[in-house]
>>> print(open('model_22.cif').read())   # mmCIF, C-alpha atoms
data_protein
loop_
_atom_site.label_atom_id
_atom_site.label_comp_id
_atom_site.auth_asym_id
_atom_site.auth_seq_id
_atom_site.Cartn_x
_atom_site.Cartn_y
_atom_site.Cartn_z
CA MET A 715 79.09 -63.80 -13.91
CA CYS A 716 80.21 -61.46 -11.14
CA PRO A 717 82.88 -62.69 -8.74
CA GLY A 718 81.06 -61.31 -5.71
CA THR A 719 81.03 -58.37 -3.38
CA GLY A 720 82.64 -59.75 -0.22
CA ILE A 721 85.88 -58.05 -1.20
CA ALA A 722 84.21 -54.68 -1.47
CA ALA A 723 82.37 -54.37 1.83
CA ALA A 724 83.41 -51.23 3.64
CA TYR A 725 85.06 -51.61 7.02
CA GLN A 726 82.76 -50.60 9.87
CA ASN A 727 82.04 -51.81 13.40
CA TYR A 728 78.91 -53.72 14.33
CA TYR A 729 77.64 -54.80 17.72
CA PHE A 730 75.46 -57.89 17.80
CA HIS A 731 72.79 -58.15 20.49
CA LEU A 732 71.50 -61.68 20.96
CA PRO A 733 69.08 -63.29 23.39
CA ALA A 734 70.76 -63.63 26.80
CA HIS A 735 69.75 -67.27 27.21
CA TRP A 736 71.76 -68.36 24.15
CA ASN A 737 75.08 -69.99 24.98
CA SER A 738 78.19 -68.55 23.32
CA ASN A 739 78.72 -71.32 20.74
CA PHE A 740 75.10 -71.26 19.65
CA ALA A 741 75.11 -67.45 19.49
CA ALA A 742 78.32 -67.47 17.43
CA GLU A 743 76.92 -69.92 14.91
CA LYS A 744 73.59 -68.11 14.61
CA SER A 745 75.48 -64.82 14.16
CA ALA A 746 77.71 -66.34 11.47
CA ASP A 747 74.62 -67.57 9.66
CA ALA A 748 72.93 -64.16 9.90
CA LEU A 749 76.06 -62.47 8.55
CA ALA A 750 76.28 -65.00 5.73
CA GLY A 751 72.64 -64.17 4.97
CA ALA A 752 73.48 -60.47 4.83
CA PHE A 753 76.35 -61.06 2.41
CA PHE A 754 74.08 -63.27 0.32
CA ASP A 755 71.46 -60.51 0.14
CA LEU A 756 74.15 -57.98 -0.75
CA GLN A 757 75.46 -60.19 -3.52
CA LYS A 758 71.98 -60.71 -4.94
CA TRP A 759 71.30 -56.98 -4.82
CA PHE A 760 74.67 -56.25 -6.41
CA ARG A 761 73.87 -58.58 -9.29
CA THR A 762 71.29 -56.08 -10.50
CA LYS A 763 74.01 -53.40 -10.71
CA THR A 764 76.64 -53.04 -13.39
CA CYS A 765 79.17 -55.76 -12.79
CA GLY A 766 82.68 -54.42 -12.37
CA HIS A 767 81.69 -51.03 -11.00
CA LEU A 768 81.87 -50.71 -7.23
CA ASP A 769 80.29 -47.86 -5.36
CA GLN A 770 81.66 -48.26 -1.84
CA THR A 771 79.09 -45.94 -0.26
CA ALA A 772 76.10 -47.70 -1.80
CA LEU A 773 77.54 -51.10 -0.87
CA ALA A 774 78.11 -50.04 2.74
CA PHE A 775 74.57 -48.64 2.96
CA LYS A 776 72.98 -51.81 1.59
CA LEU A 777 75.19 -54.06 3.70
CA ASP A 778 74.09 -52.11 6.77
CA GLU A 779 70.45 -52.66 5.85
CA PHE A 780 70.94 -56.38 5.19
CA ILE A 781 72.92 -57.01 8.39
CA LYS A 782 70.22 -55.35 10.48
CA ASP A 783 67.44 -57.28 8.69
CA ASN A 784 69.17 -60.63 9.06
CA PHE A 785 69.86 -60.17 12.78
CA LYS A 786 66.26 -59.14 13.33
CA GLU A 787 65.18 -62.37 11.62
CA ILE A 788 67.06 -64.51 14.17
CA GLY A 789 65.62 -62.56 17.09
CA GLY A 790 68.61 -60.32 17.67
CA GLN A 791 69.76 -56.86 16.74
CA ALA A 792 72.80 -55.33 15.04
CA THR A 793 73.83 -51.76 15.81
CA ARG A 794 76.65 -49.48 14.72
CA SER A 795 77.11 -48.09 18.22
CA ALA A 796 78.11 -50.03 21.33
CA PRO A 797 75.40 -50.88 23.87
CA LEU A 798 75.35 -48.71 26.98
CA GLY A 799 77.87 -49.99 29.50
CA TRP A 800 79.61 -52.36 27.08
CA SER A 801 83.35 -52.49 27.66
CA GLY A 802 84.61 -55.28 25.41
CA THR A 803 87.04 -55.11 22.51
CA VAL A 804 85.91 -54.94 18.88
CA ARG A 805 87.42 -57.79 16.92
CA ALA A 806 87.85 -58.15 13.17
CA TYR A 807 85.45 -60.38 11.27
CA LYS A 808 87.46 -63.23 9.85
CA GLU A 809 86.37 -65.57 7.16
CA ASP A 810 87.45 -69.15 7.11
CA TRP A 811 88.60 -69.21 3.51
CA MET A 812 88.58 -72.98 3.41
CA GLY A 813 84.96 -73.36 4.37
CA SER A 814 82.14 -71.62 6.14
CA ASP A 815 81.99 -68.18 7.66
CA ASP A 816 83.39 -68.16 11.17
CA CYS A 817 82.47 -65.82 13.99
CA TYR A 818 84.54 -67.57 16.64
CA ASN A 819 87.70 -65.57 15.95
CA MET B 1129 66.49 -119.64 -2.30
CA ILE B 1130 64.01 -118.27 -4.82
CA ALA B 1131 61.94 -116.82 -2.00
CA ILE B 1132 64.99 -114.98 -0.62
CA THR B 1133 65.87 -113.56 -4.04
CA LYS B 1134 62.32 -112.34 -4.54
CA THR B 1135 62.36 -110.72 -1.12
CA LYS B 1136 65.60 -108.88 -1.94
CA PHE B 1137 64.14 -107.77 -5.24
CA LEU B 1138 61.06 -106.42 -3.54
CA ILE B 1139 63.15 -104.55 -0.98
CA LEU B 1140 65.23 -103.03 -3.77
CA ILE B 1141 62.13 -101.86 -5.64
CA PHE B 1142 60.70 -100.51 -2.40
CA SER B 1143 63.81 -98.42 -1.69
CA ILE B 1144 63.96 -97.07 -5.25
CA LEU B 1145 60.34 -96.01 -5.11
CA HIS B 1146 60.94 -94.21 -1.87
CA THR B 1147 63.89 -92.10 -2.96
CA ILE B 1148 62.65 -88.54 -3.07
CA ASN B 1149 64.39 -86.29 -5.53
CA ILE B 1150 64.58 -82.81 -4.02
CA ASP B 1151 64.77 -79.62 -6.01
CA GLU B 1152 63.59 -76.02 -5.64
CA ASN B 1153 59.93 -77.12 -5.69
CA ILE B 1154 60.38 -78.50 -2.18
CA LEU B 1155 59.91 -74.97 -0.84
CA GLY B 1156 56.29 -75.13 -1.98
CA SER B 1157 55.57 -78.19 0.12
CA SER B 1158 55.23 -78.45 3.86
CA PHE B 1159 57.52 -79.73 6.57
CA ILE B 1160 55.20 -82.74 6.99
CA ASP B 1161 55.32 -83.51 3.23
CA LEU B 1162 59.10 -83.40 3.29
CA PHE B 1163 59.60 -85.78 6.17
CA GLN B 1164 56.45 -87.85 5.44
CA GLY B 1165 56.15 -89.28 8.92
CA SER B 1166 59.81 -90.35 8.96
CA GLN B 1167 62.17 -89.70 11.82
CA TYR B 1168 63.59 -86.24 12.15
CA ILE B 1169 65.41 -84.33 14.84
CA LYS B 1170 64.37 -80.99 16.32
CA LEU B 1171 67.57 -79.04 16.72
CA SER B 1172 68.01 -77.04 19.89
CA MET B 1173 70.71 -75.09 21.65
CA SER B 1174 71.15 -77.78 24.30
CA ASP B 1175 72.14 -80.35 21.63
CA TYR B 1176 74.77 -78.04 20.13
CA LYS B 1177 77.40 -79.72 17.94
CA GLU B 1178 80.01 -78.11 15.73
CA ASP B 1179 78.43 -79.40 12.55
CA GLY B 1180 77.08 -76.11 11.22
CA LEU B 1181 73.47 -77.17 11.73
CA SER B 1182 72.64 -74.84 14.64
CA PRO B 1183 70.91 -72.24 12.44
CA TYR B 1184 68.44 -74.92 11.28
CA ASP B 1185 65.25 -75.91 13.08
CA TYR B 1186 65.06 -79.58 12.10
CA CYS B 1187 67.24 -82.17 10.39
CA SER B 1188 66.84 -85.72 9.18
CA SER B 1189 68.01 -88.64 11.30
CA GLU B 1190 70.78 -91.05 10.31
CA THR B 1191 68.20 -93.67 9.43
CA MET B 1192 67.02 -91.57 6.49
CA ILE B 1193 70.26 -91.90 4.48
CA GLY B 1194 69.39 -93.02 0.94
CA GLN B 1195 65.86 -91.68 1.16
CA TYR B 1196 66.60 -88.39 -0.62
CA SER B 1197 68.56 -87.44 -3.71
CA PHE B 1198 69.52 -84.31 -5.61
CA LEU B 1199 70.13 -84.76 -9.37
CA ASP B 1200 70.57 -88.49 -8.62
CA PHE B 1201 73.27 -87.85 -6.00
CA ASP B 1202 72.46 -89.41 -2.62
CA VAL B 1203 71.72 -86.93 0.13
CA GLU B 1204 73.23 -87.69 3.56
CA LYS B 1205 71.28 -85.18 5.57
CA VAL B 1206 68.41 -82.76 5.13
CA ALA B 1207 68.08 -79.72 7.39
CA VAL B 1208 65.34 -77.10 7.26
CA LYS B 1209 64.49 -73.67 8.58
CA ILE B 1210 60.84 -72.85 9.17
CA ASN B 1211 59.48 -69.31 8.95
CA GLN B 1212 56.86 -67.67 11.16
CA ASP B 1213 54.09 -68.86 8.83
CA LYS B 1214 55.28 -72.48 9.30
CA GLN B 1215 56.49 -72.60 5.69
CA LEU B 1216 59.82 -74.06 4.61
CA LYS B 1217 62.12 -71.06 4.54
CA GLU B 1218 65.31 -72.92 3.67
CA VAL B 1219 66.15 -76.52 2.84
CA MET B 1220 69.75 -77.71 3.01
CA LEU B 1221 70.91 -80.98 1.46
CA LYS B 1222 74.27 -82.33 2.59
CA LEU B 1223 75.93 -84.72 0.19
CA LYS B 1224 79.38 -86.12 -0.51
CA VAL B 1225 80.82 -86.76 -3.98
CA TRP B 1226 84.09 -88.12 -5.33
CA ASP B 1227 83.96 -86.17 -8.59
CA GLY B 1228 83.07 -82.53 -7.96
CA GLN B 1229 83.37 -81.56 -11.61
CA HIS B 1230 80.82 -84.21 -12.64
CA PHE B 1231 78.49 -82.90 -9.94
CA TYR B 1232 78.77 -79.31 -11.21
CA GLU B 1233 78.31 -80.41 -14.82
CA LYS B 1234 74.96 -81.91 -13.83
CA VAL B 1235 74.05 -78.81 -11.82
CA THR B 1236 74.81 -76.43 -14.71
CA GLU B 1237 72.92 -78.71 -17.14
CA LYS B 1238 69.81 -78.07 -15.06
CA TYR B 1239 70.31 -74.54 -13.73
CA GLY B 1240 72.76 -72.97 -16.18
CA MET B 1241 75.84 -71.04 -15.09
CA PRO B 1242 75.64 -69.45 -11.63
CA ASP B 1243 74.81 -65.77 -11.24
CA THR B 1244 77.53 -65.12 -8.67
CA SER B 1245 80.34 -66.93 -6.92
CA SER B 1246 82.37 -66.54 -3.74
CA LEU B 1247 85.98 -67.40 -4.38
CA SER B 1248 88.26 -69.33 -2.03
CA LYS B 1249 91.78 -68.62 -0.83
CA TYR B 1250 92.87 -71.76 -2.67
CA TYR B 1251 91.38 -70.57 -5.97
CA ILE B 1252 92.64 -66.99 -5.62
CA GLU B 1253 96.20 -68.00 -4.75
CA LYS B 1254 96.24 -70.70 -7.43
CA HIS B 1255 95.74 -67.93 -9.98
CA GLY B 1256 98.52 -65.80 -8.50
CA PHE B 1257 96.43 -63.30 -6.53
CA GLU B 1258 96.57 -62.28 -2.89
CA ILE B 1259 93.48 -62.69 -0.71
CA PRO B 1260 91.25 -59.58 -0.50
CA THR B 1261 92.09 -58.72 3.11
CA THR B 1262 95.65 -57.85 2.08
CA ILE B 1263 94.54 -55.46 -0.68
CA LYS B 1264 94.56 -51.73 0.05
CA ILE B 1265 91.16 -50.14 -0.29
CA ASP B 1266 92.37 -47.82 -3.10
CA SER B 1267 93.35 -50.85 -5.19
CA VAL B 1268 90.17 -52.86 -4.70
CA ASN B 1269 88.54 -51.85 -7.98
CA ASN B 1270 91.57 -52.84 -10.02
CA TYR B 1271 92.00 -56.06 -8.06
CA TYR B 1272 88.33 -56.93 -8.52
CA ASN B 1273 88.41 -56.33 -12.26
CA ASN B 1274 91.40 -58.61 -12.75
CA LEU B 1275 90.21 -61.59 -10.73
CA PRO B 1276 89.66 -64.66 -12.92
CA LYS B 1277 86.07 -65.81 -13.26
CA PRO B 1278 85.67 -69.49 -12.41
CA ARG B 1279 84.59 -71.99 -15.05
CA ILE B 1280 82.81 -75.30 -14.43
CA LYS B 1281 86.07 -77.17 -13.87
CA ASP B 1282 86.93 -74.63 -11.16
CA PHE B 1283 83.60 -74.83 -9.32
CA PRO B 1284 84.74 -77.52 -6.83
CA GLU B 1285 87.51 -75.10 -5.74
CA VAL B 1286 85.45 -72.00 -4.94
CA ARG B 1287 83.61 -71.40 -1.66
CA SER B 1288 80.10 -71.11 -3.02
CA LEU B 1289 78.00 -70.49 -6.12
CA SER B 1290 74.58 -68.84 -6.29
CA TRP B 1291 71.64 -68.94 -8.67
CA TYR B 1292 68.88 -66.41 -8.05
CA ASP B 1293 65.15 -66.74 -8.68
CA VAL B 1294 65.49 -70.21 -10.17
CA ASN B 1295 61.79 -70.99 -9.95
CA ASN B 1296 60.21 -68.00 -11.63
CA LYS B 1297 57.23 -69.79 -13.18
CA SER B 1298 53.85 -68.64 -12.00
CA GLY B 1299 52.40 -70.55 -9.09
CA LYS B 1300 55.79 -71.66 -7.83
CA VAL B 1301 57.68 -70.43 -4.79
CA LEU B 1302 60.48 -68.16 -5.97
CA ALA B 1303 63.76 -69.74 -4.85
CA ASP B 1304 67.45 -68.96 -4.65
CA LEU B 1305 69.96 -71.77 -4.87
CA VAL B 1306 73.33 -71.67 -3.11
CA ILE B 1307 75.85 -74.49 -3.38
CA LYS B 1308 78.66 -74.43 -0.81
CA ASN B 1309 81.84 -76.47 -0.99
CA LYS B 1310 82.62 -77.48 2.58
CA SER B 1311 85.81 -79.52 2.03
CA ASN B 1312 89.36 -78.30 1.64
CA PRO B 1313 89.81 -78.01 -2.14
CA SER B 1314 93.50 -78.88 -1.93
CA ASN B 1315 92.71 -82.38 -0.64
CA LYS B 1316 91.91 -84.47 -3.72
CA PHE B 1317 91.93 -87.79 -1.85
CA GLN B 1318 88.67 -87.53 0.02
CA LYS B 1319 85.02 -87.22 -0.87
CA GLN B 1320 83.97 -83.59 -1.20
CA GLU B 1321 81.25 -82.42 1.14
CA ILE B 1322 78.76 -80.17 -0.61
CA TRP B 1323 75.79 -78.30 0.83
CA VAL B 1324 72.95 -77.57 -1.58
CA VAL B 1325 70.71 -74.87 -0.14
CA PHE B 1326 67.32 -73.82 -1.48
CA ARG B 1327 66.19 -70.53 0.05
CA ARG B 1328 62.79 -68.93 -0.25
CA ALA B 1329 63.63 -65.74 -2.17
CA LYS B 1330 63.00 -62.50 -0.33
CA LYS B 1331 60.55 -60.11 -1.95
#
>>> encode(input="model_22.cif", output="structure tokens")
Amino acid sequence: MCPGTGIAAAYQNYYFHLPAHWNSNFAAEKSADALAGAFFDLQKWFRTKTCGHLDQTALAFKLDEFIKDNFKEIGGQATRSAPLGWSGTVRAYKEDWMGSDDCYN
Amino acid sequence: MIAITKTKFLILIFSILHTINIDENILGSSFIDLFQGSQYIKLSMSDYKEDGLSPYDYCSSETMIGQYSFLDFDVEKVAVKINQDKQLKEVMLKLKVWDGQHFYEKVTEKYGMPDTSSLSKYYIEKHGFEIPTTIKIDSVNNYYNNLPKPRIKDFPEVRSLSWYDVNNKSGKVLADLVIKNKSNPSNKFQKQEIWVVFRRAKK
């Protein structure tokens, strides 16, 4: 049994584009679910690889693919570059280690 | 008196007959089959609550408690996601148990050991490790290789466990199973909330 790949995901920025009519709480929870889906897909993909050997580049590439797919599924988009005119601050993704994934922080 | 007893007996039989045991095969049925004309709630953004159900399209109503079970454990709530083809994409069963180890013994009897797990801060620190976010990227491989692998007795203390392609017989919908522990593992004096999630496997 492999302990998982969450610890091995490379650090990179993502910008999530979501339907404008979604309120912030709803958007945050849908985003958290899409991200959880991406990590699930990554873990399932990783299972087919040799457990214990981590290739950071391959993991980052697959994670990128899965994040984009999962955001597309919920009607949004994930990009590596900021949308034109965006002036916010990038914040770190934090996991709630006691329970579910959390995009509020 | 006899009439009342008979009535109670009949009600008991009726409720037993109507408990639906849910497993991975549910993904092959329809939304209508699952709820069978019973009450359900369409979830929408305007009814937002912090209960983690927002990503789902529908959930069962409170009146359906006792109607569903998973491995003979009562299910408190059922929530589903529907895909574009109106098929069940994901079915989540929320249940609460006193004895998490007993629950996972029954799960592993049916599904075997999980393929992967996501560890919790509680579990990692209990075994003398720091959480991953404090580990330098150069040390990740070494850290990863030394992490303890959870056994059945540890399962109530990890974040989630996954089984992939659990329904690989021909004619069945290929499913992934994820079981998430939603309660704080350090609190042993409350029922543990567990989410059992059957997902239609991606091709």
>>> closest_atom_pairs(input="model_22.cif", of="chain B", to="chain A", cutoff="8 Å", atoms="only C-alpha atoms", output="tab-separated table")
residue	atom	partner	partner_atom	distance
B:Met1173	CA	A:Phe740	CA	6.2
B:Tyr1176	CA	A:Phe740	CA	6.8
B:Gly1180	CA	A:Glu743	CA	7.2
B:Ser1182	CA	A:Glu743	CA	6.5
B:Pro1183	CA	A:Lys744	CA	5.4
B:Pro1242	CA	A:Met715	CA	7.0
B:Asp1243	CA	A:Met715	CA	5.4
B:Thr1244	CA	A:Cys716	CA	5.2
B:Ser1245	CA	A:Pro717	CA	5.3
B:Ser1246	CA	A:Gly718	CA	5.7
B:Leu1247	CA	A:Pro717	CA	7.1
B:Ser1248	CA	A:Trp811	CA	5.6
B:Lys1249	CA	A:Trp811	CA	5.4
B:Tyr1250	CA	A:Met812	CA	7.5
B:Pro1260	CA	A:Ile721	CA	5.6
B:Thr1261	CA	A:Ile721	CA	7.6
B:Val1268	CA	A:Ala722	CA	7.0
B:Asn1269	CA	A:Leu768	CA	6.8
B:Tyr1272	CA	A:Gly766	CA	7.3
B:Asn1273	CA	A:Gly766	CA	6.0
B:Leu1275	CA	A:Pro717	CA	7.7
B:Lys1277	CA	A:Pro717	CA	6.4
B:Arg1287	CA	A:Gly813	CA	6.5
B:Tyr1292	CA	A:Lys758	CA	7.2
B:Asn1309	CA	A:Gly813	CA	6.9
B:Lys1310	CA	A:Gly813	CA	5.1
B:Ser1311	CA	A:Gly813	CA	6.6
B:Asn1312	CA	A:Met812	CA	5.7
B:Pro1313	CA	A:Met812	CA	7.6
>>> residues_around(input="model_22.cif", residues="Gly1228 of chain B", least_positions_apart="3", cutoff="9 Å", atoms="all atoms listed in the file", output="list in words")
Val1225, Phe1231, Tyr1232, Glu1233, Lys1281, Phe1283, Pro1284, Glu1285, Lys1319, Gln1320 and Ile1322 of chain B
>>> atom_distance(input="model_22.cif", atom1="atom CA of Asp1266 of chain B", atom2="atom CA of Gly751 of chain A")
26.9 Å
>>> closest_residue(input="model_22.cif", among="A:Ser738, A:Leu756, A:Tyr729, A:Phe780", to="Ser801 of chain A", atoms="all atoms listed in the file")
A:Tyr729
>>> atom_distance(input="model_22.cif", atom1="atom CA of Phe1317 of chain B", atom2="atom CA of Leu1223 of chain B")
16.4 Å
>>> resolve_selection(input="model_22.cif", expression="the PyMOL selection byres ((chain B and resi 1216) around 8)", output="ChimeraX atom specification")
/B:1155-1159,1208-1211,1214-1215,1217-1219,1328
>>> write_last_selection(input="model_22.cif", atoms="C-alpha atoms", output="PDB file, keeping the file's coordinate frame")
ATOM      1  CA  LEU B1155      59.910 -74.970  -0.840  1.00  0.00           C
ATOM      2  CA  GLY B1156      56.290 -75.130  -1.980  1.00  0.00           C
ATOM      3  CA  SER B1157      55.570 -78.190   0.120  1.00  0.00           C
ATOM      4  CA  SER B1158      55.230 -78.450   3.860  1.00  0.00           C
ATOM      5  CA  PHE B1159      57.520 -79.730   6.570  1.00  0.00           C
ATOM      6  CA  VAL B1208      65.340 -77.100   7.260  1.00  0.00           C
ATOM      7  CA  LYS B1209      64.490 -73.670   8.580  1.00  0.00           C
ATOM      8  CA  ILE B1210      60.840 -72.850   9.170  1.00  0.00           C
ATOM      9  CA  ASN B1211      59.480 -69.310   8.950  1.00  0.00           C
ATOM     10  CA  LYS B1214      55.280 -72.480   9.300  1.00  0.00           C
ATOM     11  CA  GLN B1215      56.490 -72.600   5.690  1.00  0.00           C
ATOM     12  CA  LYS B1217      62.120 -71.060   4.540  1.00  0.00           C
ATOM     13  CA  GLU B1218      65.310 -72.920   3.670  1.00  0.00           C
ATOM     14  CA  VAL B1219      66.150 -76.520   2.840  1.00  0.00           C
ATOM     15  CA  ARG B1328      62.790 -68.930  -0.250  1.00  0.00           C
TER      16      ARG B1328
END
>>> atom_distance(input="model_22.cif", atom1="atom CA of Lys1222 of chain B", atom2="atom CA of Val1324 of chain B")
6.5 Å
>>> decode(input="model_22.cif", residues="segment 1158-1187 of chain B", atoms="N, CA and C atoms", output="PDB file, in the first residue's frame")
ATOM      1  N   SER B1158     -30.228   3.953 -11.501  1.00  0.00           N
ATOM      2  CA  SER B1158     -30.515   5.352 -11.822  1.00  0.00           C
ATOM      3  C   SER B1158     -30.842   6.130 -10.560  1.00  0.00           C
ATOM      4  N   PHE B1159     -30.875   7.430 -10.703  1.00  0.00           N
ATOM      5  CA  PHE B1159     -31.263   8.315  -9.606  1.00  0.00           C
ATOM      6  C   PHE B1159     -32.650   7.934  -9.083  1.00  0.00           C
ATOM      7  N   ILE B1160     -33.566   7.640  -9.995  1.00  0.00           N
ATOM      8  CA  ILE B1160     -34.941   7.279  -9.612  1.00  0.00           C
ATOM      9  C   ILE B1160     -34.939   5.970  -8.822  1.00  0.00           C
ATOM     10  N   ASP B1161     -34.138   4.974  -9.275  1.00  0.00           N
ATOM     11  CA  ASP B1161     -34.059   3.693  -8.556  1.00  0.00           C
ATOM     12  C   ASP B1161     -33.553   3.914  -7.131  1.00  0.00           C
ATOM     13  N   LEU B1162     -32.579   4.788  -7.004  1.00  0.00           N
ATOM     14  CA  LEU B1162     -31.967   5.016  -5.692  1.00  0.00           C
ATOM     15  C   LEU B1162     -32.970   5.612  -4.715  1.00  0.00           C
ATOM     16  N   PHE B1163     -33.664   6.625  -5.145  1.00  0.00           N
ATOM     17  CA  PHE B1163     -34.571   7.302  -4.211  1.00  0.00           C
ATOM     18  C   PHE B1163     -35.987   6.712  -4.230  1.00  0.00           C
ATOM     19  N   GLN B1164     -36.307   5.912  -5.244  1.00  0.00           N
ATOM     20  CA  GLN B1164     -37.564   5.152  -5.290  1.00  0.00           C
ATOM     21  C   GLN B1164     -38.789   5.953  -4.857  1.00  0.00           C
ATOM     22  N   GLY B1165     -38.919   7.134  -5.393  1.00  0.00           N
ATOM     23  CA  GLY B1165     -40.098   7.943  -5.090  1.00  0.00           C
ATOM     24  C   GLY B1165     -40.085   8.561  -3.711  1.00  0.00           C
ATOM     25  N   SER B1166     -39.018   8.356  -2.934  1.00  0.00           N
ATOM     26  CA  SER B1166     -38.947   8.942  -1.595  1.00  0.00           C
ATOM     27  C   SER B1166     -38.550  10.415  -1.694  1.00  0.00           C
ATOM     28  N   GLN B1167     -38.593  11.060  -0.548  1.00  0.00           N
ATOM     29  CA  GLN B1167     -38.251  12.481  -0.537  1.00  0.00           C
ATOM     30  C   GLN B1167     -36.748  12.681  -0.685  1.00  0.00           C
ATOM     31  N   TYR B1168     -36.385  13.630  -1.473  1.00  0.00           N
ATOM     32  CA  TYR B1168     -34.982  14.003  -1.603  1.00  0.00           C
ATOM     33  C   TYR B1168     -34.908  15.509  -1.792  1.00  0.00           C
ATOM     34  N   ILE B1169     -33.732  16.043  -1.651  1.00  0.00           N
ATOM     35  CA  ILE B1169     -33.558  17.492  -1.715  1.00  0.00           C
ATOM     36  C   ILE B1169     -32.626  17.823  -2.870  1.00  0.00           C
ATOM     37  N   LYS B1170     -33.044  18.753  -3.710  1.00  0.00           N
ATOM     38  CA  LYS B1170     -32.141  19.238  -4.766  1.00  0.00           C
ATOM     39  C   LYS B1170     -31.286  20.319  -4.142  1.00  0.00           C
ATOM     40  N   LEU B1171     -29.988  20.124  -4.190  1.00  0.00           N
ATOM     41  CA  LEU B1171     -29.089  21.083  -3.537  1.00  0.00           C
ATOM     42  C   LEU B1171     -28.782  22.231  -4.501  1.00  0.00           C
ATOM     43  N   SER B1172     -28.822  23.424  -3.979  1.00  0.00           N
ATOM     44  CA  SER B1172     -28.517  24.573  -4.833  1.00  0.00           C
ATOM     45  C   SER B1172     -27.692  25.585  -4.059  1.00  0.00           C
ATOM     46  N   MET B1173     -27.108  26.498  -4.787  1.00  0.00           N
ATOM     47  CA  MET B1173     -26.237  27.495  -4.170  1.00  0.00           C
ATOM     48  C   MET B1173     -26.994  28.338  -3.150  1.00  0.00           C
ATOM     49  N   SER B1174     -28.264  28.609  -3.410  1.00  0.00           N
ATOM     50  CA  SER B1174     -29.020  29.489  -2.510  1.00  0.00           C
ATOM     51  C   SER B1174     -29.294  28.829  -1.161  1.00  0.00           C
ATOM     52  N   ASP B1175     -29.223  27.502  -1.101  1.00  0.00           N
ATOM     53  CA  ASP B1175     -29.444  26.802   0.179  1.00  0.00           C
ATOM     54  C   ASP B1175     -28.120  26.431   0.832  1.00  0.00           C
ATOM     55  N   TYR B1176     -27.064  27.157   0.534  1.00  0.00           N
ATOM     56  CA  TYR B1176     -25.724  26.783   0.993  1.00  0.00           C
ATOM     57  C   TYR B1176     -25.650  26.615   2.513  1.00  0.00           C
ATOM     58  N   LYS B1177     -25.070  25.500   2.939  1.00  0.00           N
ATOM     59  CA  LYS B1177     -24.772  25.263   4.364  1.00  0.00           C
ATOM     60  C   LYS B1177     -23.358  24.722   4.433  1.00  0.00           C
ATOM     61  N   GLU B1178     -22.695  24.933   5.547  1.00  0.00           N
ATOM     62  CA  GLU B1178     -21.327  24.430   5.683  1.00  0.00           C
ATOM     63  C   GLU B1178     -21.337  22.968   6.115  1.00  0.00           C
ATOM     64  N   ASP B1179     -21.910  22.125   5.304  1.00  0.00           N
ATOM     65  CA  ASP B1179     -21.976  20.711   5.659  1.00  0.00           C
ATOM     66  C   ASP B1179     -21.216  19.843   4.655  1.00  0.00           C
ATOM     67  N   GLY B1180     -20.526  20.498   3.735  1.00  0.00           N
ATOM     68  CA  GLY B1180     -19.716  19.768   2.759  1.00  0.00           C
ATOM     69  C   GLY B1180     -20.506  19.173   1.616  1.00  0.00           C
ATOM     70  N   LEU B1181     -21.814  19.454   1.565  1.00  0.00           N
ATOM     71  CA  LEU B1181     -22.647  18.820   0.539  1.00  0.00           C
ATOM     72  C   LEU B1181     -22.793  19.660  -0.735  1.00  0.00           C
ATOM     73  N   SER B1182     -22.240  20.857  -0.739  1.00  0.00           N
ATOM     74  CA  SER B1182     -22.409  21.734  -1.919  1.00  0.00           C
ATOM     75  C   SER B1182     -22.001  21.107  -3.250  1.00  0.00           C
ATOM     76  N   PRO B1183     -20.928  20.293  -3.272  1.00  0.00           N
ATOM     77  CA  PRO B1183     -20.560  19.719  -4.572  1.00  0.00           C
ATOM     78  C   PRO B1183     -21.571  18.695  -5.100  1.00  0.00           C
ATOM     79  N   TYR B1184     -22.522  18.280  -4.261  1.00  0.00           N
ATOM     80  CA  TYR B1184     -23.485  17.260  -4.694  1.00  0.00           C
ATOM     81  C   TYR B1184     -24.730  17.913  -5.302  1.00  0.00           C
ATOM     82  N   ASP B1185     -25.428  17.138  -6.129  1.00  0.00           N
ATOM     83  CA  ASP B1185     -26.619  17.657  -6.799  1.00  0.00           C
ATOM     84  C   ASP B1185     -27.892  17.395  -5.992  1.00  0.00           C
ATOM     85  N   TYR B1186     -27.952  16.249  -5.336  1.00  0.00           N
ATOM     86  CA  TYR B1186     -29.133  15.891  -4.553  1.00  0.00           C
ATOM     87  C   TYR B1186     -28.700  15.185  -3.269  1.00  0.00           C
ATOM     88  N   CYS B1187     -29.540  15.276  -2.247  1.00  0.00           N
ATOM     89  CA  CYS B1187     -29.287  14.464  -1.043  1.00  0.00           C
ATOM     90  C   CYS B1187     -30.610  13.974  -0.485  1.00  0.00           C
TER      91      CYS B1187
END
